[in-house]
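Structure file structure.cif; described as mmCIF, C-alpha atoms.
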```cif
data_input
#
loop_
_atom_site.group_PDB
_atom_site.id
_atom_site.type_symbol
_atom_site.label_atom_id
_atom_site.label_comp_id
_atom_site.auth_asym_id
_atom_site.auth_seq_id
_atom_site.Cartn_x
_atom_site.Cartn_y
_atom_site.Cartn_z
ATOM 1 C CA MET A 1 66.970 77.660 85.388
ATOM 2 C CA LYS A 2 68.197 81.200 85.887
ATOM 3 C CA THR A 3 65.740 83.731 87.275
ATOM 4 C CA ALA A 4 65.552 87.506 87.095
ATOM 5 C CA PHE A 5 67.098 87.550 90.568
ATOM 6 C CA ASP A 6 70.200 85.901 89.095
ATOM 7 C CA PHE A 7 70.206 88.599 86.443
ATOM 8 C CA LEU A 8 69.907 91.357 89.052
ATOM 9 C CA THR A 9 72.864 89.869 90.920
ATOM 10 C CA ALA A 10 74.972 89.817 87.749
ATOM 11 C CA VAL A 11 74.060 93.408 86.870
ATOM 12 C CA VAL A 12 74.898 94.661 90.348
ATOM 13 C CA GLU A 13 78.281 92.924 90.312
ATOM 14 C CA ARG A 14 79.178 94.674 87.063
ATOM 15 C CA LYS A 15 77.760 97.927 88.393
ATOM 16 C CA ARG A 16 79.854 97.776 91.566
ATOM 17 C CA THR A 17 83.005 97.446 89.480
ATOM 18 C CA ARG A 18 82.057 100.420 87.337
ATOM 19 C CA LEU A 19 81.106 102.393 90.439
ATOM 20 C CA MET A 20 84.505 101.809 92.038
ATOM 21 C CA ARG A 21 86.181 103.234 88.939
ATOM 22 C CA ALA A 22 83.797 106.200 88.839
ATOM 23 C CA LYS A 23 84.524 107.052 92.469
ATOM 24 C CA ARG A 24 88.260 107.003 91.776
ATOM 25 C CA ASP A 25 87.846 109.275 88.760
ATOM 26 C CA LEU A 26 85.375 111.676 90.395
ATOM 27 C CA PRO A 27 85.274 111.807 94.219
ATOM 28 C CA LEU A 28 81.889 111.903 95.916
ATOM 29 C CA ALA A 29 82.446 115.405 97.358
ATOM 30 C CA THR A 30 83.089 116.819 93.885
ATOM 31 C CA LEU A 31 80.126 114.988 92.397
ATOM 32 C CA ARG A 32 77.866 116.170 95.207
ATOM 33 C CA ARG A 33 78.751 119.805 94.473
ATOM 34 C CA SER A 34 77.890 119.279 90.808
ATOM 35 C CA ALA A 35 74.604 117.635 91.797
ATOM 36 C CA TYR A 36 73.543 120.537 93.999
ATOM 37 C CA GLU A 37 74.562 123.068 91.362
ATOM 38 C CA SER A 38 72.467 121.236 88.789
ATOM 39 C CA ARG A 39 69.466 120.961 91.087
ATOM 40 C CA SER A 40 69.677 124.669 91.977
ATOM 41 C CA ARG A 41 68.705 125.414 88.376
ATOM 42 C CA ALA A 42 66.032 122.723 88.091
ATOM 43 C CA SER A 43 62.345 122.555 88.972
ATOM 44 C CA ARG A 44 61.263 120.163 91.712
ATOM 45 C CA GLN A 45 59.144 117.020 91.279
ATOM 46 C CA THR A 46 58.489 117.567 87.569
ATOM 47 C CA LEU A 47 57.737 113.911 86.811
ATOM 48 C CA ARG A 48 55.143 113.738 89.554
ATOM 49 C CA ARG A 49 53.433 116.863 88.234
ATOM 50 C CA ALA A 50 53.481 115.541 84.666
ATOM 51 C CA LEU A 51 51.796 112.289 85.706
ATOM 52 C CA ALA A 52 49.257 113.885 88.054
ATOM 53 C CA ASN A 53 47.034 114.981 85.159
ATOM 54 C CA GLU A 54 44.006 112.720 85.529
ATOM 55 C CA GLU A 55 42.604 113.730 82.158
ATOM 56 C CA GLY A 56 45.629 112.776 80.089
ATOM 57 C CA VAL A 57 47.102 109.449 78.992
ATOM 58 C CA ASN A 58 50.431 109.958 80.708
ATOM 59 C CA ILE A 59 53.009 107.832 78.946
ATOM 60 C CA ILE A 60 56.646 107.666 80.012
ATOM 61 C CA ALA A 61 58.216 106.768 76.681
ATOM 62 C CA GLU A 62 61.449 104.846 77.087
ATOM 63 C CA ILE A 63 64.702 104.919 75.174
ATOM 64 C CA LYS A 64 66.871 101.818 75.397
ATOM 65 C CA ARG A 65 69.406 100.456 72.989
ATOM 66 C CA ALA A 66 69.259 96.766 73.902
ATOM 67 C CA SER A 67 67.795 94.218 76.294
ATOM 68 C CA PRO A 68 69.315 91.034 77.726
ATOM 69 C CA SER A 69 66.585 88.890 76.172
ATOM 70 C CA LYS A 70 66.389 90.494 72.706
ATOM 71 C CA GLY A 71 69.863 91.930 72.228
ATOM 72 C CA ASP A 72 70.259 95.038 70.100
ATOM 73 C CA LEU A 73 66.864 96.653 69.582
ATOM 74 C CA GLY A 74 67.888 98.218 66.308
ATOM 75 C CA MET A 75 67.665 101.927 67.026
ATOM 76 C CA SER A 76 67.941 103.457 63.572
ATOM 77 C CA THR A 77 68.413 107.056 64.706
ATOM 78 C CA THR A 78 69.852 109.111 67.550
ATOM 79 C CA VAL A 79 68.482 109.333 71.059
ATOM 80 C CA GLU A 80 67.848 113.043 70.467
ATOM 81 C CA GLU A 81 65.689 112.298 67.438
ATOM 82 C CA ILE A 82 63.764 109.586 69.275
ATOM 83 C CA ALA A 83 63.168 111.872 72.256
ATOM 84 C CA GLY A 84 61.910 114.562 69.879
ATOM 85 C CA ALA A 85 59.533 112.073 68.270
ATOM 86 C CA TYR A 86 58.231 111.085 71.692
ATOM 87 C CA SER A 87 57.677 114.716 72.608
ATOM 88 C CA ARG A 88 55.769 115.433 69.396
ATOM 89 C CA GLY A 89 53.779 112.217 69.818
ATOM 90 C CA GLY A 90 52.408 113.304 73.180
ATOM 91 C CA ALA A 91 54.657 111.664 75.790
ATOM 92 C CA ALA A 92 54.370 113.018 79.323
ATOM 93 C CA ALA A 93 58.008 112.136 80.096
ATOM 94 C CA VAL A 94 60.999 110.260 78.707
ATOM 95 C CA SER A 95 62.788 107.367 80.414
ATOM 96 C CA VAL A 96 66.407 106.689 79.482
ATOM 97 C CA LEU A 97 67.984 103.348 80.296
ATOM 98 C CA THR A 98 71.571 104.159 81.249
ATOM 99 C CA GLU A 99 72.949 100.719 82.253
ATOM 100 C CA GLU A 100 76.036 100.026 80.160
ATOM 101 C CA ASP A 101 76.773 96.301 80.060
ATOM 102 C CA TYR A 102 73.408 94.680 79.425
ATOM 103 C CA PHE A 103 71.333 97.528 77.955
ATOM 104 C CA ARG A 104 74.181 99.425 76.223
ATOM 105 C CA GLY A 105 73.036 102.758 77.609
ATOM 106 C CA SER A 106 74.952 105.570 79.262
ATOM 107 C CA LEU A 107 74.565 108.814 81.134
ATOM 108 C CA ASN A 108 75.599 110.496 77.889
ATOM 109 C CA ASP A 109 72.325 109.250 76.390
ATOM 110 C CA LEU A 110 70.459 110.869 79.277
ATOM 111 C CA ARG A 111 72.352 114.149 78.884
ATOM 112 C CA ALA A 112 71.591 114.182 75.158
ATOM 113 C CA VAL A 113 67.882 113.640 75.808
ATOM 114 C CA ARG A 114 67.877 116.340 78.480
ATOM 115 C CA ARG A 115 69.277 118.832 75.969
ATOM 116 C CA SER A 116 66.756 117.911 73.286
ATOM 117 C CA VAL A 117 63.354 118.010 75.054
ATOM 118 C CA PHE A 118 61.587 119.962 77.774
ATOM 119 C CA LEU A 119 59.832 116.890 79.165
ATOM 120 C CA PRO A 120 60.769 115.354 82.546
ATOM 121 C CA VAL A 121 63.574 112.810 82.137
ATOM 122 C CA LEU A 122 63.707 109.629 84.226
ATOM 123 C CA ARG A 123 66.974 107.773 84.729
ATOM 124 C CA LYS A 124 66.261 104.050 84.626
ATOM 125 C CA ASP A 125 69.147 102.032 86.015
ATOM 126 C CA PHE A 126 70.160 99.692 88.828
ATOM 127 C CA ILE A 127 70.719 102.172 91.638
ATOM 128 C CA PHE A 128 71.901 101.046 95.065
ATOM 129 C CA ASP A 129 74.464 103.669 96.157
ATOM 130 C CA GLU A 130 74.107 107.359 97.035
ATOM 131 C CA TYR A 131 76.854 108.111 94.513
ATOM 132 C CA GLN A 132 74.463 107.073 91.742
ATOM 133 C CA VAL A 133 71.772 109.418 93.053
ATOM 134 C CA TYR A 134 74.137 112.397 92.969
ATOM 135 C CA GLU A 135 75.363 111.187 89.569
ATOM 136 C CA SER A 136 71.773 111.292 88.298
ATOM 137 C CA ALA A 137 71.254 114.825 89.589
ATOM 138 C CA ALA A 138 74.543 116.039 88.109
ATOM 139 C CA ALA A 139 73.499 114.586 84.732
ATOM 140 C CA GLU A 140 70.270 116.634 85.004
ATOM 141 C CA ALA A 141 67.832 113.782 85.437
ATOM 142 C CA ASP A 142 64.515 114.877 86.918
ATOM 143 C CA ALA A 143 63.770 111.472 88.428
ATOM 144 C CA LEU A 144 65.283 108.059 88.953
ATOM 145 C CA LEU A 145 64.169 104.465 89.417
ATOM 146 C CA LEU A 146 64.619 102.597 92.702
ATOM 147 C CA ILE A 147 64.009 98.847 92.360
ATOM 148 C CA ALA A 148 62.639 97.394 95.602
ATOM 149 C CA ALA A 149 63.904 93.897 94.718
ATOM 150 C CA LEU A 150 67.438 95.294 94.595
ATOM 151 C CA LEU A 151 67.413 97.153 97.918
ATOM 152 C CA ASP A 152 66.903 96.336 101.567
ATOM 153 C CA ASP A 153 64.494 98.425 103.639
ATOM 154 C CA GLU A 154 67.170 100.795 104.944
ATOM 155 C CA GLN A 155 68.633 101.404 101.490
ATOM 156 C CA LEU A 156 65.230 101.997 99.950
ATOM 157 C CA ALA A 157 64.192 104.570 102.545
ATOM 158 C CA ARG A 158 67.583 106.309 102.559
ATOM 159 C CA LEU A 159 67.900 106.603 98.784
ATOM 160 C CA ARG A 160 64.292 107.744 98.412
ATOM 161 C CA ASN A 161 64.803 110.438 101.047
ATOM 162 C CA LEU A 162 68.021 111.599 99.402
ATOM 163 C CA THR A 163 66.359 111.749 95.997
ATOM 164 C CA GLU A 164 63.138 113.477 96.970
ATOM 165 C CA LEU A 165 63.735 115.386 100.192
ATOM 166 C CA GLU A 166 67.337 116.472 99.725
ATOM 167 C CA LEU A 167 67.563 116.915 95.965
ATOM 168 C CA GLY A 168 63.956 117.664 95.016
ATOM 169 C CA MET A 169 63.863 114.958 92.356
ATOM 170 C CA ASP A 170 61.299 112.178 92.011
ATOM 171 C CA ALA A 171 61.896 108.562 92.990
ATOM 172 C CA LEU A 172 59.815 106.023 91.096
ATOM 173 C CA VAL A 173 59.915 102.983 93.382
ATOM 174 C CA GLU A 174 59.466 99.810 91.347
ATOM 175 C CA VAL A 175 57.698 96.768 92.809
ATOM 176 C CA HIS A 176 56.836 93.326 91.469
ATOM 177 C CA THR A 177 55.024 91.677 94.390
ATOM 178 C CA LEU A 178 52.641 92.342 97.245
ATOM 179 C CA GLN A 179 55.519 92.192 99.737
ATOM 180 C CA GLU A 180 57.478 94.762 97.756
ATOM 181 C CA MET A 181 54.419 97.022 97.578
ATOM 182 C CA ARG A 182 54.201 96.925 101.371
ATOM 183 C CA ARG A 183 57.933 97.632 101.676
ATOM 184 C CA ALA A 184 57.623 100.596 99.299
ATOM 185 C CA SER A 185 54.787 101.974 101.390
ATOM 186 C CA ALA A 186 56.792 101.530 104.606
ATOM 187 C CA ALA A 187 59.713 103.392 102.997
ATOM 188 C CA GLY A 188 57.447 106.374 102.345
ATOM 189 C CA ALA A 189 57.126 105.934 98.598
ATOM 190 C CA THR A 190 54.327 107.980 97.071
ATOM 191 C CA MET A 191 55.143 107.289 93.409
ATOM 192 C CA ILE A 192 55.201 103.561 92.742
ATOM 193 C CA GLY A 193 55.799 101.672 89.512
ATOM 194 C CA VAL A 194 54.319 98.197 89.241
ATOM 195 C CA ASN A 195 56.400 96.033 86.923
ATOM 196 C CA ASN A 196 54.259 93.496 85.090
ATOM 197 C CA ARG A 197 57.151 91.059 84.724
ATOM 198 C CA ASN A 198 57.256 88.044 87.044
ATOM 199 C CA LEU A 199 60.846 87.828 88.306
ATOM 200 C CA HIS A 200 60.671 84.029 88.623
ATOM 201 C CA THR A 201 59.128 83.087 85.284
ATOM 202 C CA PHE A 202 59.888 86.206 83.193
ATOM 203 C CA GLU A 203 56.240 86.178 82.049
ATOM 204 C CA VAL A 204 54.606 89.564 81.564
ATOM 205 C CA SER A 205 50.963 90.262 82.382
ATOM 206 C CA ILE A 206 49.069 93.434 83.275
ATOM 207 C CA ASP A 207 47.181 91.262 85.758
ATOM 208 C CA ILE A 208 50.085 92.002 88.115
ATOM 209 C CA SER A 209 49.244 95.703 87.980
ATOM 210 C CA MET A 210 45.549 94.944 88.453
ATOM 211 C CA HIS A 211 46.270 92.735 91.462
ATOM 212 C CA LEU A 212 48.748 94.966 93.292
ATOM 213 C CA ILE A 213 46.788 98.216 93.030
ATOM 214 C CA ALA A 214 44.520 97.033 95.828
ATOM 215 C CA GLU A 215 47.499 97.158 98.200
ATOM 216 C CA ALA A 216 48.906 100.505 97.082
ATOM 217 C CA PRO A 217 49.217 103.177 99.791
ATOM 218 C CA ARG A 218 46.418 105.724 99.816
ATOM 219 C CA GLY A 219 47.206 108.709 97.632
ATOM 220 C CA ALA A 220 50.150 107.105 95.838
ATOM 221 C CA LEU A 221 50.676 107.967 92.184
ATOM 222 C CA LEU A 222 50.846 104.640 90.342
ATOM 223 C CA VAL A 223 52.685 103.756 87.143
ATOM 224 C CA SER A 224 52.266 100.477 85.251
ATOM 225 C CA GLU A 225 55.448 99.172 83.598
ATOM 226 C CA SER A 226 56.462 96.452 81.101
ATOM 227 C CA GLY A 227 54.573 94.705 78.351
ATOM 228 C CA LEU A 228 52.196 97.565 77.511
ATOM 229 C CA ARG A 229 51.426 97.801 73.808
ATOM 230 C CA THR A 230 47.827 98.861 73.201
ATOM 231 C CA GLY A 231 45.512 101.683 74.117
ATOM 232 C CA SER A 232 42.912 99.190 75.320
ATOM 233 C CA GLU A 233 45.365 97.969 77.973
ATOM 234 C CA LEU A 234 45.939 101.537 79.077
ATOM 235 C CA ARG A 235 42.176 102.183 79.268
ATOM 236 C CA ARG A 236 41.776 99.225 81.590
ATOM 237 C CA LEU A 237 44.643 100.366 83.790
ATOM 238 C CA ARG A 238 43.426 103.989 83.889
ATOM 239 C CA THR A 239 40.015 102.813 85.010
ATOM 240 C CA ALA A 240 41.689 100.847 87.802
ATOM 241 C CA GLY A 241 43.526 103.956 88.991
ATOM 242 C CA TYR A 242 46.917 104.070 87.237
ATOM 243 C CA ARG A 243 48.111 107.539 86.237
ATOM 244 C CA GLY A 244 51.278 106.697 84.325
ATOM 245 C CA PHE A 245 52.379 104.042 81.830
ATOM 246 C CA LEU A 246 55.977 103.211 80.985
ATOM 247 C CA ILE A 247 56.310 101.922 77.428
ATOM 248 C CA GLY A 248 59.620 101.003 75.817
ATOM 249 C CA GLU A 249 60.071 98.204 73.291
ATOM 250 C CA ALA A 250 56.690 98.764 71.626
ATOM 251 C CA LEU A 251 57.888 102.255 70.669
ATOM 252 C CA ILE A 252 61.611 101.658 70.079
ATOM 253 C CA GLY A 253 60.729 98.828 67.690
ATOM 254 C CA ALA A 254 58.185 100.906 65.776
ATOM 255 C CA GLN A 255 58.953 102.222 62.306
ATOM 256 C CA ASN A 256 57.622 105.623 63.359
ATOM 257 C CA PRO A 257 57.699 106.085 67.163
ATOM 258 C CA GLU A 258 55.850 109.407 66.974
ATOM 259 C CA ASP A 259 52.897 107.956 65.078
ATOM 260 C CA SER A 260 52.867 104.794 67.199
ATOM 261 C CA LEU A 261 52.759 106.794 70.412
ATOM 262 C CA ARG A 262 50.036 109.056 69.090
ATOM 263 C CA SER A 263 48.036 105.997 68.030
ATOM 264 C CA ILE A 264 48.297 104.328 71.448
ATOM 265 C CA ILE A 265 47.179 107.534 73.166
ATOM 266 C CA GLY A 266 44.281 107.970 70.748
ATOM 267 C CA GLU A 267 43.094 104.415 71.326
ATOM 268 C CA ALA A 268 43.359 104.853 75.104
ATOM 269 C CA GLU A 269 41.233 107.989 74.962
ATOM 270 C CA GLN A 270 38.346 106.289 73.127
#
```
Mind turning this structure into structure tokens?
Amino acid sequence: MKTAFDFLTAVVERKRTRLMRAKRDLPLATLRRSAYESRSRASRQTLRRALANEEGVNIIAEIKRASPSKGDLGMSTTVEEIAGAYSRGGAAAVSVLTEEDYFRGSLNDLRAVRRSVFLPVLRKDFIFDEYQVYESAAAEADALLLIAALLDDEQLARLRNLTELELGMDALVEVHTLQEMRRASAAGATMIGVNNRNLHTFEVSIDISMHLIAEAPRGALLVSESGLRTGSELRRLRTAGYRGFLIGEALIGAQNPEDSLRSIIGEAEQ
């Protein structure tokens, strides 16, 4: 039986091929200049500040066109319109899935969202090379995802430092297990996303978030990811200490994402 690790391997293989072409088309030195120019106009650590509000229900509302398990998710409108609905519905930030082959996203989706809302924008992708970090900055992302399961200790620390210390962006370091939580802490991560999906069984349970919070580094800003659908789940996680909640398919699949988001927040605030 294939596991999520097999899937990660397949994604990275495709990504390496695309990355080789990107580097031929746009050399790293040129991309780096664009990244620094973009960051010179941008505010620093905007996602962290948006999620630090302890009084709010801080939802990172995600835009993705497809998933490997469910195929096309049936987006009936543009990414700009969805981002606008999220903003009106009370999102603290917007996540854009930019992986091309399995999720049918692109950096053009991220750029379109950036132009349409004033919220922090997170690039969610399979990032393992510094080129992709500069690419994210040049595309005007405010933050990016670093998946601990995808990176060794040296890569994780180096890419986090590049993202946060050199470029002034935020790195949301994603973990699935106790060991990954400890690795994230050792790499200096202070904003950690706990993914509720078991990479061996594909099962999703917020019990993973509840279990791993006990091992989170002191002072870390914690985000719960995957499988979140109701305000009651968010209430439980907020009480435990989570400050952010990444929600995707529950909103993308809704007939009215704005109303659905507003409803989840209202239920969480009860």
- Note on the structure: note - atom CA of A:Ala187 and atom CA of A:Ala50 are separated by 22.9 Å
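Residue nearest A:Tyr134 within the list A:Ser116, A:Thr30, A:Asn53, A:Gln270: A:Thr30 [criterion: smallest interatomic distance, only C-alpha atoms].
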Within 12 Å of stretch 165-174 of chain A, which residues of stretch 23-128 of chain A come that close, and what is the closest atom pair and distance in Å for each? Count all atoms listed in the file and give it as a tab-separated table.
```
residue	atom	partner	partner_atom	distance
A:Arg32	CA	A:Leu167	CA	10.4
A:Arg33	CA	A:Leu167	CA	11.7
A:Ser34	CA	A:Leu167	CA	11.8
A:Ala35	CA	A:Leu167	CA	8.2
A:Tyr36	CA	A:Leu167	CA	7.3
A:Glu37	CA	A:Leu167	CA	10.4
A:Ser38	CA	A:Leu167	CA	9.7
A:Arg39	CA	A:Leu167	CA	6.6
A:Ser40	CA	A:Leu167	CA	9.0
A:Arg41	CA	A:Gly168	CA	11.3
A:Ala42	CA	A:Gly168	CA	8.8
A:Ser43	CA	A:Gly168	CA	7.9
A:Arg44	CA	A:Gly168	CA	4.9
A:Gln45	CA	A:Met169	CA	5.3
A:Thr46	CA	A:Asp170	CA	7.5
A:Leu47	CA	A:Asp170	CA	6.5
A:Arg48	CA	A:Asp170	CA	6.8
A:Arg49	CA	A:Asp170	CA	9.9
A:Ala50	CA	A:Asp170	CA	11.2
A:Leu51	CA	A:Asp170	CA	11.4
A:Ile60	CA	A:Leu172	CA	11.6
A:Ser95	CA	A:Leu172	CA	11.2
A:Pro120	CA	A:Asp170	CA	10.0
A:Val121	CA	A:Asp170	CA	10.2
A:Leu122	CA	A:Asp170	CA	8.5
A:Arg123	CA	A:Ala171	CA	9.7
A:Lys124	CA	A:Leu172	CA	9.3
A:Asp125	CA	A:Glu174	CA	11.3
A:Phe126	CA	A:Glu174	CA	11.0
A:Ile127	CA	A:Val173	CA	11.0
```
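Proximity of A:Leu251, A:Ala92, A:Leu146, A:Ser260 to A:Gly56, computed with only C-alpha atoms, is greatest for A:Ala92.
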- Show which residues sit within 8 Å of stretch 62-78 of chain A, as a ChimeraX atom specification. Count all atoms listed in the file, and ignore same-chain residues fewer than 6 positions away. /A:94-98,102-105,246-249,251-253
- A:Ile208, A:Met20, A:Ala157, A:Ala254: which is nearest A:Val175, counting only C-alpha atoms? A:Ile208
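Remark: for A:Val11, the closest of the candidate residues A:Ala143, A:Leu221, A:Leu150, A:Leu199 is A:Leu150 (distances computed over all atoms listed in the file).
Atom CA of A:Met191 is positioned 5.6 Å from atom CA of A:Ala220.
Here the PyMOL selection byres ((chain A and resi 231) around 7) captures the residues A:Thr230, A:Ser232, A:Glu233, A:Leu234, A:Arg235, A:Ile264, A:Ile265, A:Glu267, A:Ala268.
The protein and nucleic acid residues lying at most 9 Å from A:Tyr131 are Leu19, Lys23, Leu28, Leu31 and Arg32 of chain A, with only C-alpha atoms considered and sequence neighbours fewer than 6 positions away removed.
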For the residues in the current selection, export C-alpha atoms as a PDB file, in the frame of the given file.
```pdb
ATOM      1  CA  LEU A  19      81.106 102.393  90.439  1.00  0.00           C
ATOM      2  CA  LYS A  23      84.524 107.052  92.469  1.00  0.00           C
ATOM      3  CA  LEU A  28      81.889 111.903  95.916  1.00  0.00           C
ATOM      4  CA  LEU A  31      80.126 114.988  92.397  1.00  0.00           C
ATOM      5  CA  ARG A  32      77.866 116.170  95.207  1.00  0.00           C
TER       6      ARG A  32
END
```
- Message: Given only C-alpha atoms as the basis, pick out the residue of A:Thr201, A:Thr17, A:Gln255, A:Asn161 nearest to A:Gly188.
- Response: A:Asn161
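Note that the spacing between atom CA of A:Arg114 and atom CA of A:Arg160 amounts to 22.0 Å.
Using all atoms listed in the file, the nearest neighbour of A:Tyr242 within the list A:Ser226, A:Asn58, A:Gln179, A:Asn198 is A:Asn58.
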- Item | Matched chain/residue IDs from the PyMOL selection byres ((chain A and resi 8) around 12), as number ranges by chain | A: 2-7, 9-15, 68, 99, 102, 125-128, 147-151, 199-200
- Message: Can you spell out as an MDAnalysis selection string the set of residues that the PyMOL selection byres ((chain A and resi 194) around 6) selects in the structure I just provided?
- Response: chainID A and resid 174:176 193 195 209 224:225
- Give as a VMD selection string the set of residues within 7 Å of the point (62.1, 99.9, 102.2), where distances use the file's coordinates and all atoms listed in the file. chain A and resid 152 to 157 183 to 184 186 to 187
- Message: I'd like the contact shell of A:Ala216 - 8 Å cut-off, all atoms listed in the file, skipping same-chain residues fewer than 2 positions apart - returned as number ranges by chain.
- Response: A: 181-182, 185, 212-214, 218, 220
- Find the residues around A:Val79 up to 8 Å (all atoms listed in the file counted), leave out those fewer than 4 positions away in its own chain, and share them as number ranges by chain. A: 63, 83, 109, 112-113
